[in-house]
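*Asks:* So here's final22.cif, just mmCIF, C-alpha atoms:
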```cif
data_entry
#
loop_
_atom_site.group_PDB
_atom_site.id
_atom_site.type_symbol
_atom_site.label_atom_id
_atom_site.label_comp_id
_atom_site.auth_asym_id
_atom_site.auth_seq_id
_atom_site.Cartn_x
_atom_site.Cartn_y
_atom_site.Cartn_z
ATOM 1 C CA MET A 1 -38.191 15.770 25.684
ATOM 2 C CA ALA A 2 -35.755 17.076 23.076
ATOM 3 C CA ILE A 3 -33.599 14.544 21.271
ATOM 4 C CA LYS A 4 -29.876 14.720 20.602
ATOM 5 C CA ALA A 5 -29.120 14.579 16.912
ATOM 6 C CA VAL A 6 -26.278 14.201 14.472
ATOM 7 C CA PHE A 7 -26.925 16.163 11.299
ATOM 8 C CA LEU A 8 -25.046 14.697 8.359
ATOM 9 C CA ASP A 9 -24.199 16.230 5.048
ATOM 10 C CA ARG A 10 -24.650 13.692 2.237
ATOM 11 C CA ASP A 11 -22.109 14.122 -0.578
ATOM 12 C CA GLY A 12 -18.535 13.918 0.644
ATOM 13 C CA THR A 13 -19.681 12.882 4.121
ATOM 14 C CA LEU A 14 -21.776 9.710 3.811
ATOM 15 C CA ILE A 15 -21.144 8.970 0.161
ATOM 16 C CA VAL A 16 -18.526 9.821 -2.461
ATOM 17 C CA ASP A 17 -19.366 13.205 -3.982
ATOM 18 C CA LYS A 18 -20.227 12.453 -7.627
ATOM 19 C CA ILE A 19 -21.192 16.114 -8.306
ATOM 20 C CA TYR A 20 -24.943 16.184 -8.997
ATOM 21 C CA LEU A 21 -25.574 12.508 -8.330
ATOM 22 C CA ASN A 22 -28.634 11.482 -10.362
ATOM 23 C CA ASP A 23 -28.216 7.692 -10.528
ATOM 24 C CA VAL A 24 -28.997 5.414 -7.589
ATOM 25 C CA ASP A 25 -26.527 2.820 -8.912
ATOM 26 C CA LYS A 26 -23.601 5.250 -8.503
ATOM 27 C CA ILE A 27 -23.839 5.516 -4.690
ATOM 28 C CA GLN A 28 -20.522 4.675 -3.002
ATOM 29 C CA TYR A 29 -20.173 4.874 0.774
ATOM 30 C CA LEU A 30 -17.116 6.469 2.301
ATOM 31 C CA GLU A 31 -14.764 4.468 4.514
ATOM 32 C CA GLY A 32 -15.758 4.387 8.181
ATOM 33 C CA THR A 33 -19.333 5.538 7.543
ATOM 34 C CA PHE A 34 -21.271 2.533 8.858
ATOM 35 C CA GLU A 35 -18.895 1.908 11.781
ATOM 36 C CA GLY A 36 -19.041 5.559 12.822
ATOM 37 C CA LEU A 37 -22.804 5.788 12.718
ATOM 38 C CA LYS A 38 -23.142 2.554 14.717
ATOM 39 C CA ILE A 39 -21.085 4.143 17.520
ATOM 40 C CA LEU A 40 -23.239 7.281 17.465
ATOM 41 C CA SER A 41 -26.450 5.249 17.322
ATOM 42 C CA ASP A 42 -25.333 3.304 20.407
ATOM 43 C CA LEU A 43 -24.839 6.666 22.155
ATOM 44 C CA GLY A 44 -28.503 7.479 21.509
ATOM 45 C CA PHE A 45 -28.136 10.005 18.700
ATOM 46 C CA LYS A 46 -30.819 10.322 16.014
ATOM 47 C CA PHE A 47 -29.649 10.942 12.454
ATOM 48 C CA PHE A 48 -30.798 13.552 9.968
ATOM 49 C CA VAL A 49 -29.306 14.057 6.526
ATOM 50 C CA VAL A 50 -29.223 17.733 5.498
ATOM 51 C CA THR A 51 -28.066 18.271 1.932
ATOM 52 C CA ASN A 52 -27.867 21.194 -0.479
ATOM 53 C CA GLN A 53 -29.154 19.986 -3.853
ATOM 54 C CA SER A 54 -28.881 22.814 -6.370
ATOM 55 C CA GLY A 55 -28.830 20.134 -9.086
ATOM 56 C CA LEU A 56 -32.627 20.113 -8.794
ATOM 57 C CA ALA A 57 -32.879 23.855 -9.539
ATOM 58 C CA ARG A 58 -30.369 23.444 -12.381
ATOM 59 C CA GLY A 59 -32.395 20.601 -13.952
ATOM 60 C CA ILE A 60 -29.415 18.223 -13.652
ATOM 61 C CA VAL A 61 -31.011 16.049 -10.950
ATOM 62 C CA GLN A 62 -34.591 14.781 -11.195
ATOM 63 C CA ILE A 63 -36.686 14.670 -8.012
ATOM 64 C CA GLU A 64 -37.676 11.034 -8.689
ATOM 65 C CA ASN A 65 -33.998 10.061 -8.755
ATOM 66 C CA LEU A 66 -33.229 12.074 -5.617
ATOM 67 C CA ASP A 67 -36.052 10.227 -3.837
ATOM 68 C CA LYS A 68 -34.675 6.845 -5.025
ATOM 69 C CA ILE A 69 -31.149 7.770 -3.897
ATOM 70 C CA HIS A 70 -32.374 8.747 -0.442
ATOM 71 C CA ALA A 71 -34.549 5.627 -0.157
ATOM 72 C CA LYS A 72 -31.573 3.398 -1.050
ATOM 73 C CA ILE A 73 -29.280 5.144 1.431
ATOM 74 C CA LYS A 74 -31.936 4.809 4.141
ATOM 75 C CA ASP A 75 -32.433 1.087 3.324
ATOM 76 C CA ASP A 76 -28.694 0.366 3.207
ATOM 77 C CA PHE A 77 -28.223 1.942 6.634
ATOM 78 C CA ALA A 78 -31.286 0.155 8.056
ATOM 79 C CA ARG A 79 -29.765 -3.190 6.987
ATOM 80 C CA GLU A 80 -26.784 -2.242 9.182
ATOM 81 C CA GLY A 81 -29.107 -1.382 12.098
ATOM 82 C CA ILE A 82 -28.757 2.389 11.603
ATOM 83 C CA ILE A 83 -31.917 4.457 11.339
ATOM 84 C CA ILE A 84 -31.913 7.752 9.461
ATOM 85 C CA SER A 85 -34.868 9.654 10.873
ATOM 86 C CA ARG A 86 -35.282 11.952 7.889
ATOM 87 C CA PHE A 87 -33.673 13.492 4.830
ATOM 88 C CA TYR A 88 -33.938 17.253 4.365
ATOM 89 C CA TYR A 89 -32.743 18.861 1.150
ATOM 90 C CA ALA A 90 -32.455 22.416 -0.141
ATOM 91 C CA PRO A 91 -33.303 22.472 -3.873
ATOM 92 C CA HIS A 92 -32.172 26.095 -4.260
ATOM 93 C CA MET A 93 -29.417 27.700 -6.330
ATOM 94 C CA THR A 94 -26.086 28.334 -4.628
ATOM 95 C CA ASP A 95 -26.543 32.129 -4.656
ATOM 96 C CA SER A 96 -30.184 32.097 -3.496
ATOM 97 C CA GLY A 97 -29.453 32.867 0.168
ATOM 98 C CA HIS A 98 -32.494 30.703 0.981
ATOM 99 C CA PHE A 99 -33.025 29.933 4.681
ATOM 100 C CA SER A 100 -32.972 26.189 3.892
ATOM 101 C CA ARG A 101 -29.650 26.256 2.082
ATOM 102 C CA LYS A 102 -26.486 25.770 4.141
ATOM 103 C CA PRO A 103 -24.714 27.771 5.611
ATOM 104 C CA ASN A 104 -28.159 28.874 6.813
ATOM 105 C CA PRO A 105 -29.646 26.640 9.515
ATOM 106 C CA GLY A 106 -33.046 26.081 7.884
ATOM 107 C CA MET A 107 -32.900 22.308 7.440
ATOM 108 C CA LEU A 108 -31.685 21.841 11.031
ATOM 109 C CA LYS A 109 -34.456 24.132 12.287
ATOM 110 C CA TYR A 110 -37.047 22.138 10.302
ATOM 111 C CA ALA A 111 -35.829 18.994 12.071
ATOM 112 C CA ASP A 112 -36.287 20.815 15.375
ATOM 113 C CA TYR A 113 -39.844 21.723 14.407
ATOM 114 C CA ASP A 114 -40.578 18.129 13.327
ATOM 115 C CA TYR A 115 -38.754 16.243 16.110
ATOM 116 C CA GLY A 116 -37.654 18.611 18.911
ATOM 117 C CA ILE A 117 -33.851 18.839 18.889
ATOM 118 C CA ASP A 118 -31.530 19.443 21.850
ATOM 119 C CA PHE A 119 -29.065 21.557 19.861
ATOM 120 C CA LYS A 120 -26.621 21.961 22.776
ATOM 121 C CA ASN A 121 -26.039 18.190 22.736
ATOM 122 C CA SER A 122 -26.203 17.776 18.958
ATOM 123 C CA TRP A 123 -23.600 17.805 16.192
ATOM 124 C CA MET A 124 -23.337 18.727 12.513
ATOM 125 C CA ILE A 125 -20.854 16.745 10.394
ATOM 126 C CA GLY A 126 -19.924 17.677 6.848
ATOM 127 C CA ASP A 127 -17.075 18.091 4.408
ATOM 128 C CA ARG A 128 -17.446 21.837 3.849
ATOM 129 C CA MET A 129 -17.334 24.931 6.007
ATOM 130 C CA LEU A 130 -20.940 25.647 4.916
ATOM 131 C CA ASP A 131 -21.896 22.548 6.928
ATOM 132 C CA VAL A 132 -19.892 23.682 9.951
ATOM 133 C CA GLU A 133 -21.497 27.129 9.826
ATOM 134 C CA ALA A 134 -25.036 25.730 9.491
ATOM 135 C CA GLY A 135 -24.441 23.673 12.643
ATOM 136 C CA HIS A 136 -23.078 26.650 14.543
ATOM 137 C CA ARG A 137 -25.970 28.896 13.431
ATOM 138 C CA ALA A 138 -28.428 26.269 14.690
ATOM 139 C CA GLY A 139 -26.649 26.105 18.052
ATOM 140 C CA CYS A 140 -24.850 22.768 17.837
ATOM 141 C CA ARG A 141 -21.209 21.777 17.624
ATOM 142 C CA SER A 142 -19.682 20.959 14.253
ATOM 143 C CA ILE A 143 -17.095 18.632 12.746
ATOM 144 C CA ILE A 144 -15.568 18.877 9.284
ATOM 145 C CA LEU A 145 -14.166 15.904 7.407
ATOM 146 C CA GLU A 146 -10.732 16.711 6.049
ATOM 147 C CA GLY A 147 -9.938 16.782 2.384
ATOM 148 C CA THR A 148 -12.439 19.068 0.668
ATOM 149 C CA GLU A 149 -11.763 22.493 2.195
ATOM 150 C CA LYS A 150 -9.098 24.094 4.361
ATOM 151 C CA VAL A 151 -10.583 25.401 7.610
ATOM 152 C CA GLU A 152 -8.072 28.246 7.861
ATOM 153 C CA GLU A 153 -9.170 29.636 4.472
ATOM 154 C CA SER A 154 -12.766 30.147 5.619
ATOM 155 C CA ASN A 155 -14.344 33.234 7.164
ATOM 156 C CA PHE A 156 -16.620 30.994 9.241
ATOM 157 C CA LYS A 157 -15.901 29.998 12.841
ATOM 158 C CA PRO A 158 -13.769 26.828 12.850
ATOM 159 C CA PRO A 159 -15.261 23.444 13.729
ATOM 160 C CA GLU A 160 -14.769 21.781 17.077
ATOM 161 C CA TYR A 161 -12.853 19.000 15.331
ATOM 162 C CA ILE A 162 -11.340 18.059 11.966
ATOM 163 C CA ALA A 163 -11.906 14.333 11.348
ATOM 164 C CA LYS A 164 -10.405 11.848 8.895
ATOM 165 C CA ASN A 165 -13.795 10.174 8.302
ATOM 166 C CA LEU A 166 -17.080 9.438 10.092
ATOM 167 C CA LEU A 167 -15.483 6.780 12.285
ATOM 168 C CA ASP A 168 -12.929 9.321 13.542
ATOM 169 C CA ALA A 169 -15.725 11.885 14.056
ATOM 170 C CA ALA A 170 -17.795 9.342 16.015
ATOM 171 C CA ASN A 171 -14.885 8.512 18.300
ATOM 172 C CA PHE A 172 -14.358 12.224 18.961
ATOM 173 C CA ILE A 173 -18.065 12.685 19.802
ATOM 174 C CA ARG A 174 -18.017 9.594 22.035
ATOM 175 C CA ASN A 175 -15.053 11.009 23.982
ATOM 176 C CA ALA A 176 -16.626 14.490 24.149
ATOM 177 C CA THR A 177 -19.880 12.952 25.405
ATOM 178 C CA LYS A 178 -18.051 10.981 28.117
ATOM 179 C CA THR A 179 -16.139 14.081 29.214
ATOM 180 C CA HIS A 180 -19.354 16.140 29.319
ATOM 181 C CA SER A 181 -21.122 13.425 31.372
ATOM 182 C CA GLN A 182 -18.241 13.247 33.853
ATOM 183 C CA HIS A 183 -18.383 17.010 34.406
ATOM 184 C CA LEU A 184 -22.069 16.733 35.301
ATOM 185 C CA LYS A 185 -21.415 14.190 38.065
#
```
Starting from the file, lay out its structure as structure tokens.

*Replies:*
Amino acid sequence: MAIKAVFLDRDGTLIVDKIYLNDVDKIQYLEGTFEGLKILSDLGFKFFVVTNQSGLARGIVQIENLDKIHAKIKDDFAREGIIISRFYYAPHMTDSGHFSRKPNPGMLKYADYDYGIDFKNSWMIGDRMLDVEAGHRAGCRSIILEGTEKVEESNFKPPEYIAKNLLDAANFIRNATKTHSQHLK
């Protein structure tokens, strides 16, 4: 049976975007992150982090440090009772056009191959329109966190919701899930 997932961008969505984060000690979580993911976890969603990491291709970020950063994030969430099923990252340059790199849906499709995703009942949350587009291309609904990009300035299809933070996004998904369930009755 396919699982319902929430795909999460990393920088600017879960943690403060430090631009090419390469130091595990510089991780800072954004407001509402843990509370929001607890709500979504209680709704039965599985979590996947999907992150473009061109810093690897540029030689600015070392793979050992990326692995440590992801392990710490996973451990910090686990201590809060939140399980991140897997981290997927695209180590390609911004202009590569690689299938893995957002706005392409590669990382979401890899999660489908590995876990079996019900895209119609899944969500992509990020702080950029590249995230929104990757979710739409994979077949799920998307939410953008306000502050980084203006939706109206993008050529991509707009998100289903513009949220203040992950807690706001989680409340929107909870309400959308309830509404969807009521229509099925």

*Asks:* Which residues of segment 70-151 of chain A have any atom within 10 Å of an atom in segment 16-30 of chain A when counting only C-alpha atoms, and what is the closest pair of atoms for each, with the distance in Å to one decimal? Order the rows by chain and rising number and write it as JSON lines.

*Replies:*
```
{"residue": "A:His70", "atom": "CA", "partner": "A:Val24", "partner_atom": "CA", "distance": 8.6}
{"residue": "A:Ala71", "atom": "CA", "partner": "A:Val24", "partner_atom": "CA", "distance": 9.3}
{"residue": "A:Lys72", "atom": "CA", "partner": "A:Val24", "partner_atom": "CA", "distance": 7.3}
{"residue": "A:Ile73", "atom": "CA", "partner": "A:Ile27", "partner_atom": "CA", "distance": 8.2}
{"residue": "A:Asp76", "atom": "CA", "partner": "A:Tyr29", "partner_atom": "CA", "distance": 9.9}
{"residue": "A:Asp127", "atom": "CA", "partner": "A:Asp17", "partner_atom": "CA", "distance": 10.0}
```

*Asks:* Identify which of the residues A:Ala176, A:Leu108, A:Ala170, A:Cys140 lies closest to Leu37 of chain A, counting all atoms listed in the file when measuring atom-to-atom distances.

*Replies:* A:Ala170

*Asks:* Please put the answer as JSON: centre and edge lengths, in Å with one decimal, of a box along x, y and z that encloses all listed atoms of segment 140-156 of chain A plus 4 Å on each side.

*Replies:*
```
{"center_x": -16.5, "center_y": 24.6, "center_z": 9.3, "size_x": 24.8, "size_y": 25.3, "size_z": 25.2}
```

*Asks:* Return as a list in words the set of residues that the PyMOL selection byres ((chain A and resi 39) around 12) yields on the displayed structure.

*Replies:*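 Applied to this file, the PyMOL selection byres ((chain A and resi 39) around 12) selects Val6, Gly32, Thr33, Phe34, Glu35, Gly36, Leu37, Lys38, Leu40, Ser41, Asp42, Leu43, Gly44, Phe45, Lys46, Glu80, Gly81, Ile82, Leu166, Leu167, Asp168, Ala169, Ala170, Asn171, Phe172, Ile173, Arg174, Asn175 and Thr177 of chain A.
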
*Asks:* Pick out the closest residue to Ala138 of chain A from this set: A:Asn52, A:Asn155, A:Asn104, A:Asn121. Count all atoms listed in the file.

*Replies:* A:Asn104

*Asks:* Report the distance between atom CA of Leu14 of chain A and atom CA of His136 of chain A in Å, rounded to one decimal place.

*Replies:*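 About the pair atom CA of Leu14 of chain A and atom CA of His136 of chain A: they are 20.1 Å apart.
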
*Asks:* Closest to Lys164 of chain A among A:Ile144, A:Ile3, A:Met129, A:Ile117, using only C-alpha atoms?

*Replies:*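 Closest candidate: A:Ile144.
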
*Asks:* Calculate how many Å separate atom CA of Asp112 of chain A from atom CA of Gly97 of chain A, rounding to one decimal.

*Replies:*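 So the two atoms, atom CA of Asp112 of chain A and atom CA of Gly97 of chain A, lie 20.6 Å apart.
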
*Asks:* Which is closest to Arg128 of chain A among A:Met107, A:Ile84, A:Leu8, A:Val49, if we use only C-alpha atoms?

*Replies:*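 Among A:Met107, A:Ile84, A:Leu8, A:Val49, it is A:Leu8 that comes nearest to Arg128 of chain A.
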
*Asks:* Work out how far apart atom CA of Phe119 of chain A and atom CA of Thr51 of chain A are and give it in Å to one decimal.

*Replies:*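 Between atom CA of Phe119 of chain A and atom CA of Thr51 of chain A the gap works out to 18.3 Å.
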
*Asks:* Let me know the residues the PyMOL selection byres ((chain A and resi 146) around 10) catches in the file above, as a ChimeraX atom specification.

*Replies:* /A:12-13,126-128,143-145,147-151,161-165

*Asks:* Write out the residues from the selection above, keeping C-alpha atoms, as an mmCIF file, keeping the file's coordinate frame.

*Replies:*
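Wrote selection08.cif, looks like this:
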```cif
data_model
loop_
_atom_site.group_PDB
_atom_site.id
_atom_site.type_symbol
_atom_site.label_atom_id
_atom_site.label_comp_id
_atom_site.auth_asym_id
_atom_site.auth_seq_id
_atom_site.Cartn_x
_atom_site.Cartn_y
_atom_site.Cartn_z
ATOM 1 C CA GLY A 12 -18.535 13.918 0.644
ATOM 2 C CA THR A 13 -19.681 12.882 4.121
ATOM 3 C CA GLY A 126 -19.924 17.677 6.848
ATOM 4 C CA ASP A 127 -17.075 18.091 4.408
ATOM 5 C CA ARG A 128 -17.446 21.837 3.849
ATOM 6 C CA ILE A 143 -17.095 18.632 12.746
ATOM 7 C CA ILE A 144 -15.568 18.877 9.284
ATOM 8 C CA LEU A 145 -14.166 15.904 7.407
ATOM 9 C CA GLY A 147 -9.938 16.782 2.384
ATOM 10 C CA THR A 148 -12.439 19.068 0.668
ATOM 11 C CA GLU A 149 -11.763 22.493 2.195
ATOM 12 C CA LYS A 150 -9.098 24.094 4.361
ATOM 13 C CA VAL A 151 -10.583 25.401 7.610
ATOM 14 C CA TYR A 161 -12.853 19.000 15.331
ATOM 15 C CA ILE A 162 -11.340 18.059 11.966
ATOM 16 C CA ALA A 163 -11.906 14.333 11.348
ATOM 17 C CA LYS A 164 -10.405 11.848 8.895
ATOM 18 C CA ASN A 165 -13.795 10.174 8.302
#
```

*Asks:* With all atoms listed in the file counted, which protein, DNA or RNA residues have an atom no more than 12 Å from (-14.1, 30.3, 17.3) in the file frame? Please answer as a ChimeraX atom specification.

*Replies:* /A:132-133,136,141-142,151-152,154-161

*Asks:* Check which residues satisfy the PyMOL selection byres ((chain A and resi 85) around 8) in the file shown, then give them as JSON, numbers by chain.

*Replies:* {"A": [46, 47, 48, 83, 84, 86, 87]}
